[in-house]
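So this block is final14.txt, compact mmCIF, C-alpha atoms (C1' of nucleotides):
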```txt
# COMPACT_ATOMS: atom_id res chain seq x y z
CA MET A 1 -5.86 -30.23 -7.14
CA SER A 2 -6.49 -31.56 -3.65
CA ASN A 3 -8.15 -29.55 -0.96
CA ASN A 4 -5.69 -26.68 -1.00
CA GLN A 5 -7.61 -25.24 -3.89
CA PHE A 6 -8.75 -21.79 -3.01
CA LYS A 7 -11.65 -20.14 -4.64
CA ARG A 8 -11.60 -16.70 -6.15
CA GLY A 9 -8.69 -15.15 -4.45
CA GLU A 10 -10.87 -14.82 -1.42
CA LEU A 11 -8.07 -15.14 1.08
CA TYR A 12 -6.13 -12.49 -0.74
CA SER A 13 -8.89 -9.96 -0.41
CA VAL A 14 -9.42 -10.90 3.22
CA ILE A 15 -5.80 -10.60 4.18
CA ASN A 16 -4.66 -7.75 2.07
CA GLY A 17 -7.51 -5.40 2.65
CA MET A 18 -8.69 -6.01 6.08
CA ALA A 19 -6.34 -6.63 8.89
CA THR A 20 -3.14 -5.16 7.55
CA THR A 21 -4.87 -1.94 6.60
CA ALA A 22 -6.56 -1.72 9.96
CA VAL A 23 -3.33 -2.30 11.86
CA ALA A 24 -1.40 0.12 9.66
CA ARG A 25 -3.95 2.88 10.14
CA ARG A 26 -4.14 2.36 13.87
CA LEU A 27 -0.39 2.44 14.23
CA GLN A 28 -0.15 5.57 12.10
CA LYS A 29 -2.86 7.17 14.19
CA ASN A 30 -1.06 6.26 17.40
CA PHE A 31 2.13 7.83 16.08
CA ARG A 32 0.26 10.98 15.16
CA ASN A 33 -1.52 11.21 18.48
CA ALA A 34 1.86 10.92 20.21
CA GLY A 35 3.09 13.88 18.16
CA LEU A 36 5.40 11.73 16.04
CA ASP A 37 5.65 13.08 12.52
CA ILE A 38 6.79 9.90 10.80
CA THR A 39 4.94 7.51 8.54
CA ILE A 40 4.81 3.81 9.30
CA GLU A 41 6.82 3.21 6.13
CA GLN A 42 9.55 5.48 7.44
CA TRP A 43 9.30 3.70 10.77
CA SER A 44 9.80 0.33 9.08
CA VAL A 45 13.16 1.58 7.84
CA LEU A 46 14.17 3.13 11.14
CA TYR A 47 13.16 -0.13 12.84
CA HIS A 48 15.85 -2.02 10.95
CA LEU A 49 18.44 0.69 11.50
CA TRP A 50 17.86 0.60 15.25
CA LYS A 51 18.61 -3.10 15.08
CA GLU A 52 21.65 -2.55 12.87
CA ASP A 53 22.86 0.90 11.91
CA GLY A 54 24.70 1.69 8.71
CA LEU A 55 22.96 -0.70 6.31
CA SER A 56 23.09 -0.12 2.57
CA GLN A 57 19.97 1.00 0.76
CA LEU A 58 19.70 -2.32 -1.02
CA GLU A 59 19.93 -4.24 2.24
CA LEU A 60 17.28 -1.99 3.78
CA GLY A 61 15.12 -2.70 0.75
CA ASN A 62 15.53 -6.44 1.26
CA ARG A 63 14.67 -6.27 4.92
CA THR A 64 11.61 -4.09 4.39
CA PHE A 65 10.42 -5.85 1.21
CA ARG A 66 10.83 -2.85 -1.05
CA ASP A 67 12.46 -2.34 -4.42
CA LYS A 68 15.36 0.03 -4.67
CA ALA A 69 13.41 2.91 -6.20
CA SER A 70 10.95 2.94 -3.31
CA THR A 71 13.83 2.68 -0.87
CA THR A 72 15.58 5.65 -2.46
CA ARG A 73 12.59 7.93 -1.99
CA LEU A 74 11.79 6.76 1.48
CA ILE A 75 15.35 7.59 2.47
CA ASP A 76 15.09 10.92 0.63
CA ASN A 77 12.22 11.80 2.91
CA LEU A 78 13.94 10.48 6.02
CA GLU A 79 16.97 12.58 5.12
CA LYS A 80 14.79 15.67 4.60
CA GLN A 81 13.48 15.20 8.13
CA GLU A 82 17.07 14.74 9.29
CA LEU A 83 16.37 11.30 10.73
CA VAL A 84 19.09 9.58 8.70
CA ILE A 85 22.14 10.49 6.66
CA ARG A 86 23.65 8.77 3.63
CA VAL A 87 27.37 8.09 3.69
CA ALA A 88 29.13 6.72 0.62
CA SER A 89 30.97 3.52 1.44
CA LYS A 90 34.76 3.79 1.33
CA ASP A 91 35.13 0.30 -0.08
CA ASP A 92 32.60 0.70 -2.87
CA ARG A 93 31.47 4.14 -3.81
CA ARG A 94 28.30 2.87 -5.46
CA ILE A 95 26.98 1.98 -2.04
CA ASN A 96 25.22 4.41 0.31
CA LEU A 97 25.37 3.42 3.93
CA VAL A 98 22.43 4.80 5.88
CA TYR A 99 22.99 6.00 9.43
CA LEU A 100 20.63 7.21 12.12
CA THR A 101 21.03 10.78 13.33
CA ASP A 102 20.85 11.93 16.94
CA ILE A 103 17.31 13.06 16.20
CA ALA A 104 16.21 9.55 15.25
CA LYS A 105 17.88 7.65 18.06
CA PRO A 106 15.56 8.69 20.90
CA LEU A 107 12.50 7.78 18.85
CA GLN A 108 13.22 4.08 19.17
CA GLN A 109 11.83 3.74 22.67
CA ILE A 110 8.55 5.53 22.13
CA THR A 111 7.80 3.99 18.74
CA TYR A 112 8.48 0.51 20.11
CA GLU A 113 6.05 1.22 22.91
CA LEU A 114 3.43 2.46 20.47
CA ALA A 115 3.93 -0.55 18.21
CA ASN A 116 3.63 -2.91 21.17
CA GLN A 117 0.53 -1.15 22.40
CA THR A 118 -1.02 -1.26 18.93
CA MET A 119 -0.27 -4.94 18.47
CA ASN A 120 -1.60 -5.72 21.93
CA GLU A 121 -4.86 -4.04 20.99
CA ALA A 122 -4.94 -5.88 17.69
CA LEU A 123 -4.11 -9.25 19.23
CA LEU A 124 -6.22 -8.83 22.34
CA ASN A 125 -8.11 -12.10 22.05
CA ILE A 126 -5.63 -14.07 19.97
CA ASN A 127 -3.46 -16.67 21.57
CA LYS A 128 0.19 -17.52 21.09
CA GLU A 129 -0.45 -20.64 19.08
CA GLU A 130 -2.61 -18.77 16.60
CA ILE A 131 0.00 -16.05 16.24
CA GLU A 132 2.67 -18.64 15.58
CA ILE A 133 0.53 -20.24 12.90
CA VAL A 134 -0.07 -16.90 11.18
CA LYS A 135 3.63 -16.07 11.19
CA ASN A 136 4.50 -19.50 9.94
CA VAL A 137 1.90 -19.46 7.18
CA PHE A 138 3.05 -16.05 5.99
CA GLN A 139 6.66 -17.14 5.93
CA ARG A 140 5.73 -20.13 3.80
CA VAL A 141 3.57 -18.01 1.48
CA TYR A 142 6.48 -15.67 1.01
CA ASP A 143 8.87 -18.53 0.35
CA ASN A 144 6.44 -20.15 -2.09
CA LEU A 145 6.23 -17.02 -4.20
CA MET A 146 9.73 -15.67 -3.87
CA SER A 147 11.69 -18.87 -4.39
CA LYS A 148 10.63 -18.94 -8.02
CA ASP A 149 10.35 -15.28 -8.82
CA LEU A 150 9.38 -15.06 -12.47
CA SER A 151 10.24 -11.36 -12.74
CA MET B 1 -0.35 -8.34 30.45
CA SER B 2 -0.59 -12.09 30.09
CA ASN B 3 1.04 -13.99 27.29
CA ASN B 4 -0.62 -12.09 24.49
CA GLN B 5 2.03 -9.42 24.88
CA PHE B 6 3.81 -8.94 21.62
CA LYS B 7 7.24 -7.49 21.33
CA ARG B 8 8.21 -4.68 19.06
CA GLY B 9 5.52 -4.79 16.50
CA GLU B 10 7.27 -7.80 15.09
CA LEU B 11 4.14 -9.44 13.78
CA TYR B 12 3.17 -6.24 12.07
CA SER B 13 6.37 -6.07 10.10
CA VAL B 14 6.11 -9.77 9.26
CA ILE B 15 2.57 -9.60 8.05
CA ASN B 16 2.47 -6.26 6.41
CA GLY B 17 5.66 -6.45 4.48
CA MET B 18 6.15 -9.97 3.58
CA ALA B 19 3.34 -12.15 2.48
CA THR B 20 0.79 -9.59 1.37
CA THR B 21 3.38 -7.78 -0.71
CA ALA B 22 4.54 -11.00 -2.26
CA VAL B 23 1.02 -12.13 -3.12
CA ALA B 24 0.06 -8.71 -4.46
CA ARG B 25 3.11 -8.52 -6.68
CA ARG B 26 2.64 -12.02 -8.00
CA LEU B 27 -1.01 -11.43 -8.79
CA GLN B 28 -0.21 -8.15 -10.53
CA LYS B 29 2.49 -9.90 -12.51
CA ASN B 30 0.10 -12.65 -13.51
CA PHE B 31 -2.41 -10.07 -14.69
CA ARG B 32 0.24 -8.32 -16.73
CA ASN B 33 1.54 -11.54 -18.25
CA ALA B 34 -2.00 -12.38 -19.31
CA GLY B 35 -2.21 -9.02 -21.08
CA LEU B 36 -4.65 -7.59 -18.54
CA ASP B 37 -4.10 -3.88 -18.07
CA ILE B 38 -5.72 -3.51 -14.65
CA THR B 39 -4.19 -3.02 -11.24
CA ILE B 40 -5.00 -5.34 -8.37
CA GLU B 41 -6.67 -2.41 -6.63
CA GLN B 42 -8.95 -1.91 -9.62
CA TRP B 43 -9.56 -5.65 -9.62
CA SER B 44 -10.59 -5.56 -5.97
CA VAL B 45 -13.38 -3.15 -6.93
CA LEU B 46 -14.45 -5.12 -10.01
CA TYR B 47 -14.45 -8.26 -7.84
CA HIS B 48 -17.23 -6.84 -5.68
CA LEU B 49 -19.17 -5.52 -8.67
CA TRP B 50 -19.13 -8.95 -10.28
CA LYS B 51 -20.68 -10.27 -7.12
CA GLU B 52 -23.19 -7.41 -6.95
CA ASP B 53 -23.42 -4.79 -9.66
CA GLY B 54 -24.58 -1.24 -9.07
CA LEU B 55 -23.14 -0.60 -5.61
CA SER B 56 -22.64 2.93 -4.34
CA GLN B 57 -19.13 4.28 -4.00
CA LEU B 58 -19.41 4.31 -0.25
CA GLU B 59 -20.49 0.68 -0.17
CA LEU B 60 -17.64 -0.27 -2.48
CA GLY B 61 -15.31 1.56 -0.11
CA ASN B 62 -16.64 -0.43 2.82
CA ARG B 63 -16.26 -3.74 1.05
CA THR B 64 -12.74 -3.02 -0.14
CA PHE B 65 -11.56 -1.29 3.06
CA ARG B 66 -10.95 2.09 1.48
CA ASP B 67 -11.92 5.61 2.43
CA LYS B 68 -14.18 7.50 0.09
CA ALA B 69 -11.42 9.65 -1.41
CA SER B 70 -9.44 6.60 -2.49
CA THR B 71 -12.61 5.01 -3.83
CA THR B 72 -13.43 8.11 -5.86
CA ARG B 73 -10.10 8.08 -7.62
CA LEU B 74 -10.03 4.35 -8.19
CA ILE B 75 -13.40 4.65 -9.88
CA ASP B 76 -12.13 7.68 -11.84
CA ASN B 77 -9.46 5.42 -13.30
CA LEU B 78 -11.86 2.53 -13.90
CA GLU B 79 -14.15 4.92 -15.70
CA LYS B 80 -11.27 6.25 -17.82
CA GLN B 81 -10.60 2.68 -18.92
CA GLU B 82 -14.31 2.28 -19.59
CA LEU B 83 -14.63 -0.64 -17.20
CA VAL B 84 -17.38 0.98 -15.11
CA ILE B 85 -19.83 3.85 -15.35
CA ARG B 86 -21.28 6.04 -12.63
CA VAL B 87 -25.02 6.55 -12.60
CA ALA B 88 -26.62 9.02 -10.20
CA SER B 89 -29.24 7.29 -8.06
CA LYS B 90 -32.81 8.35 -8.78
CA ASP B 91 -33.79 8.08 -5.12
CA ASP B 92 -30.92 10.12 -3.77
CA ARG B 93 -28.92 12.23 -6.14
CA ARG B 94 -25.94 12.40 -3.81
CA ILE B 95 -25.28 8.73 -4.50
CA ASN B 96 -23.36 7.38 -7.48
CA LEU B 97 -24.21 3.82 -8.39
CA VAL B 98 -21.32 2.08 -10.09
CA TYR B 99 -22.06 -0.35 -12.92
CA LEU B 100 -19.85 -2.69 -14.91
CA THR B 101 -19.59 -2.07 -18.65
CA ASP B 102 -19.62 -4.74 -21.34
CA ILE B 103 -15.86 -4.40 -21.47
CA ALA B 104 -15.48 -5.37 -17.81
CA LYS B 105 -17.90 -8.28 -17.75
CA PRO B 106 -15.81 -10.82 -19.68
CA LEU B 107 -12.79 -10.12 -17.47
CA GLN B 108 -14.40 -11.87 -14.53
CA GLN B 109 -13.63 -15.38 -15.68
CA ILE B 110 -9.97 -14.88 -16.53
CA THR B 111 -9.14 -12.79 -13.48
CA TYR B 112 -10.79 -15.34 -11.19
CA GLU B 113 -8.67 -18.03 -12.78
CA LEU B 114 -5.52 -15.98 -12.32
CA ALA B 115 -6.40 -15.20 -8.70
CA ASN B 116 -7.07 -18.88 -8.02
CA GLN B 117 -3.86 -19.91 -9.68
CA THR B 118 -1.91 -17.29 -7.71
CA MET B 119 -3.44 -18.31 -4.41
CA ASN B 120 -2.83 -21.96 -5.17
CA GLU B 121 0.84 -21.19 -5.72
CA ALA B 122 0.93 -19.14 -2.55
CA LEU B 123 -0.87 -21.74 -0.47
CA LEU B 124 0.82 -24.78 -1.99
CA ASN B 125 1.91 -26.38 1.25
CA ILE B 126 -0.63 -24.83 3.58
CA ASN B 127 -3.57 -26.83 4.79
CA LYS B 128 -7.20 -25.93 5.22
CA GLU B 129 -7.03 -25.67 8.98
CA GLU B 130 -4.16 -23.21 8.84
CA ILE B 131 -5.98 -21.12 6.27
CA GLU B 132 -9.07 -21.05 8.45
CA ILE B 133 -7.00 -19.91 11.42
CA VAL B 134 -5.40 -17.10 9.42
CA LYS B 135 -8.77 -15.87 8.15
CA ASN B 136 -10.24 -16.09 11.60
CA VAL B 137 -7.33 -14.27 13.25
CA PHE B 138 -7.47 -11.49 10.67
CA GLN B 139 -11.19 -11.07 11.14
CA ARG B 140 -10.70 -10.73 14.88
CA VAL B 141 -7.80 -8.29 14.45
CA TYR B 142 -9.99 -6.17 12.22
CA ASP B 143 -12.85 -6.28 14.69
CA ASN B 144 -10.55 -5.45 17.59
CA LEU B 145 -9.33 -2.29 15.90
CA MET B 146 -12.44 -1.17 14.11
CA SER B 147 -14.96 -1.65 16.88
CA LYS B 148 -13.43 1.21 18.82
CA ASP B 149 -12.20 3.46 16.07
CA LEU B 150 -10.70 6.49 17.77
CA SER B 151 -10.65 8.56 14.59
C1' DT C 1 -40.46 27.00 5.80
C1' DT C 2 -36.35 28.31 7.07
C1' DA C 3 -32.11 27.22 9.53
C1' DT C 4 -29.02 23.48 10.90
C1' DA C 5 -26.90 19.17 10.61
C1' DT C 6 -25.73 15.05 8.15
C1' DT C 7 -24.32 12.40 4.19
C1' DA C 8 -22.06 11.12 -0.54
C1' DG C 9 -18.81 12.36 -3.24
C1' DT C 10 -14.77 15.42 -4.99
C1' DT C 11 -10.46 17.94 -4.76
C1' DG C 12 -5.83 19.51 -2.94
C1' DC C 13 -1.80 18.10 -0.78
C1' DA C 14 1.71 14.89 0.74
C1' DT C 15 3.65 10.20 0.89
C1' DA C 16 4.40 5.84 -1.10
C1' DA C 17 4.42 1.94 -4.57
C1' DC C 18 6.15 -0.29 -9.08
C1' DT C 19 8.31 -0.32 -13.80
C1' DA C 20 11.57 1.14 -16.90
C1' DA C 21 15.24 3.83 -18.30
C1' DC C 22 19.16 6.08 -16.75
C1' DT C 23 24.15 7.26 -14.34
C1' DA C 24 28.20 5.98 -12.07
C1' DT C 25 31.17 2.69 -10.14
C1' DA C 26 33.17 -1.95 -10.04
C1' DT C 27 34.40 -6.41 -11.96
C1' DG C 28 35.85 -9.73 -15.46
C1' DT C 29 37.94 -11.04 -19.85
C1' DC C 30 40.70 -10.63 -23.64
C1' DG D 1 44.58 -1.18 -20.76
C1' DA D 2 40.06 -1.63 -23.25
C1' DC D 3 35.53 -3.35 -23.68
C1' DA D 4 31.60 -5.70 -21.99
C1' DT D 5 28.88 -6.81 -18.08
C1' DA D 6 27.02 -6.41 -13.52
C1' DT D 7 25.69 -3.70 -9.51
C1' DA D 8 23.91 0.38 -6.43
C1' DG D 9 21.40 4.01 -6.66
C1' DT D 10 18.50 7.84 -9.03
C1' DT D 11 14.83 9.74 -11.91
C1' DA D 12 10.47 9.93 -14.68
C1' DG D 13 5.90 8.52 -15.17
C1' DT D 14 1.66 6.35 -13.47
C1' DT D 15 -1.27 4.61 -9.81
C1' DA D 16 -2.74 4.42 -5.14
C1' DT D 17 -3.30 5.92 -0.18
C1' DG D 18 -4.79 9.01 3.70
C1' DC D 19 -6.30 13.41 5.73
C1' DA D 20 -8.67 17.67 5.54
C1' DA D 21 -11.41 20.95 3.46
C1' DC D 22 -14.86 21.50 0.29
C1' DT D 23 -19.69 21.13 -2.60
C1' DA D 24 -24.17 19.51 -3.29
C1' DA D 25 -28.12 17.06 -1.83
C1' DT D 26 -30.95 15.28 1.84
C1' DA D 27 -32.86 14.97 6.43
C1' DT D 28 -34.07 17.11 10.90
C1' DA D 29 -35.80 20.66 13.93
C1' DA D 30 -37.54 25.09 15.08
```
Final structure tokens representation of the file:
Amino acid sequence: MSNNQFKRGELYSVINGMATTAVARRLQKNFRNAGLDITIEQWSVLYHLWKEDGLSQLELGNRTFRDKASTTRLIDNLEKQELVIRVASKDDRRINLVYLTDIAKPLQQITYELANQTMNEALLNINKEEIEIVKNVFQRVYDNLMSKDLS
Amino acid sequence: MSNNQFKRGELYSVINGMATTAVARRLQKNFRNAGLDITIEQWSVLYHLWKEDGLSQLELGNRTFRDKASTTRLIDNLEKQELVIRVASKDDRRINLVYLTDIAKPLQQITYELANQTMNEALLNINKEEIEIVKNVFQRVYDNLMSKDLS
DNA sequence: TTATATTAGTTGCATAACTAACTATATGTC
DNA sequence: GACATATAGTTAGTTATGCAACTAATATAA
């Protein structure tokens, strides 16, 4: 109906393949070149812990858009690298609270710088208004699909 | 510099986690509910073959933003499911041309419908101008990062 | 024409994703 | 208290991703 009709999932293939892959690879490359041995997926978890330490695995999954199985393994790997530790909650022993270690803490500064630098490269010729529209569109797309999640 | 500065890779986490994941999951779910046993990654390859059959693996990789190793394995799996076949090029025997089978051909119609339906859900309240801006921004982001690929 | 470099594709290794089935703890109801 | 249900996290199985090292075929240069 109307002129929102979109033909052949074209936007999906544009968005999902192109730009996000390119940004992800560049960011990963910038981490590697800086001698940082973490994946961008691991970084996405650390990112939320730097903002608020001691989140549960489920909450980390919500904030990083992952299911709990994926979150478990990501944290397994982060724990192997001694970047986080799991601490069982005293109130509810089903819950693992995830805390940053002293190894992870100093990585915040440099990874933020690398992320900023990467996004500045990516957004070189893109103005504020356009960025706001993209963010806004993606928020609405997410809301459209997640509000009625048909499992 | 200037007001393109972007703080803390925020846009990256917005874009990469949220909307693309939500759309991908919904599309995969819609495939599954329709009894289609293909992944959206496999679909992204078939999508380009329906537009132009008999592409080389490398060309398919370019069009779907994958490296050649990923393309190899995706086509391994498509071949296992008898959706495509590899045919060595007569001109250059290094090249595999990838062709749709009779099993894959009738899937075009239904998967296009499901992709359209999914995107229409996703883009329900988003107008043409916004969509054009998103596509345009993503194209420029891709160009920004890929034009000077530092390997 | 022989040696060298380039190109297309494959394989090994590690990480990550999703689904479904599972364990252990907590909550709610009788 | 006992039984059913819900919740947080783990595990198994399959697919996908990226990098690096490899093979085989082609192109280039001497």
### Message
Quick one: residues within 10 Å of B:Lys105, all atoms listed in the file, excluding same-chain residues fewer than 3 positions away - as an NGL selection string?
### Response
:B and (46 or 49-50 or 83-84 or 100-102 or 108-109)
Each residue of chain C with at least one atom at most 12 Å from chain A should appear once, together with its nearest atom pair and the corresponding distance in Å (one decimal); atoms considered: all atoms listed in the file; ordering: chain, then increasing residue number; output as a tab-separated table.
```
residue	atom	partner	partner_atom	distance
C:DA14	C1'	A:Asn77	CA	11.2
C:DT15	C1'	A:Thr39	CA	8.2
C:DA16	C1'	A:Ser70	CA	7.5
C:DA17	C1'	A:Ser70	CA	6.7
C:DC18	C1'	A:Asp67	CA	8.1
C:DT19	C1'	A:Ala69	CA	9.7
C:DA20	C1'	A:Ala69	CA	11.0
C:DT23	C1'	A:Arg94	CA	10.7
C:DA24	C1'	A:Arg94	CA	7.3
C:DT25	C1'	A:Arg94	CA	5.5
C:DA26	C1'	A:Asp92	CA	7.7
C:DT27	C1'	A:Asp92	CA	11.7
```
### Query
From the list B:Gln81, B:Thr111, B:Asn96, B:Thr72, which residue is nearest chain A when using all atoms listed in the file?
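Under the stated criterion, the closest residue is B:Thr111.
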As a short mmCIF file (atom, residue, chain, number, x, y, z; two decimals) with C-alpha atoms (C1' of nucleotides), in the coordinates of the input, please: the residues near A:Lys68 (cut-off 9 Å, all atoms listed in the file, same-chain neighbours under 3 positions excluded).
```
data_model
loop_
_atom_site.label_atom_id
_atom_site.label_comp_id
_atom_site.auth_asym_id
_atom_site.auth_seq_id
_atom_site.Cartn_x
_atom_site.Cartn_y
_atom_site.Cartn_z
CA GLN A 57 19.97 1.00 0.76
CA LEU A 58 19.70 -2.32 -1.02
CA LEU A 60 17.28 -1.99 3.78
CA GLY A 61 15.12 -2.70 0.75
CA ASN A 62 15.53 -6.44 1.26
CA THR A 71 13.83 2.68 -0.87
CA THR A 72 15.58 5.65 -2.46
CA ARG A 73 12.59 7.93 -1.99
"C1'" DA D 8 23.91 0.38 -6.43
"C1'" DG D 9 21.40 4.01 -6.66
#
```
### Query
Suppose you want the space between atom CA of A:Ala22 and atom CA of B:Tyr142; what is it in Å?
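Distance reported for this atom pair: 6.1 Å.
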### Query
Quick one: distance from atom CA of A:Met146 to atom CA of B:Leu114 in Å, one decimal?
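Rounded to one decimal, the two atoms are 17.4 Å apart.
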### Query
Using all atoms listed in the file, which chain D residues lie at most 10 Å away from chain B, written as a list in words?
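Going by the stated atoms only, the list reads DT15, DA16, DT17, DG18, DC19, DA24, DA25 and DT26 of chain D.
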#### Entry: Distance query 12 Å from (-2.2, -20.3, 19.2) using only C-alpha atoms (C1' of nucleotides), result as a PyMOL selection string
(chain A and resi 123+125-136) or (chain B and resi 3-4+130+133-134+136-137)
### Contacts of C:DA5 within 10 Å, all atoms listed in the file, excl. fewer than 2 positions in-chain, as a list in words
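Residues meeting the cut-off are DA3 and DT7 of chain C; DA27, DT28 and DA29 of chain D.
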## Note on the structure
Of B:Arg32, B:Lys80, B:Lys90, B:Arg26, the one nearest to chain A when counting all atoms listed in the file is B:Arg26
Specify the axis-aligned box that encloses all atoms of stretch 5-17 of chain C listed in the file after padding of 6 Å on each side, stating its centre and edge lengths in Å to one decimal as lines of an AutoDock Vina configuration file.
```
center_x = -11.2
center_y = 10.7
center_z = 2.8
size_x = 43.3
size_y = 29.6
size_z = 27.6
```
### Query
Between B:Ala34, B:Pro106, B:His48, B:Glu59, which has the minimum distance to chain A (counting only C-alpha atoms)?
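Among B:Ala34, B:Pro106, B:His48, B:Glu59, it is B:His48 that comes nearest to chain A.
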#### Entry: Atom pair atom CA of B:Ile38 / atom CA of A:Asp143: separation (Å)
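Atom CA of A:Asp143 lies 25.8 Å from atom CA of B:Ile38.
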### Task
Scan for residues within 7 Å of the point (-10.5, 19.9, 1.6) in the coordinates of the file, using only C-alpha atoms (C1' of nucleotides), and reply as a list in words.
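Returned residue set, sorted by chain then number, is DT11 and DG12 of chain C; DA20, DA21 and DC22 of chain D.
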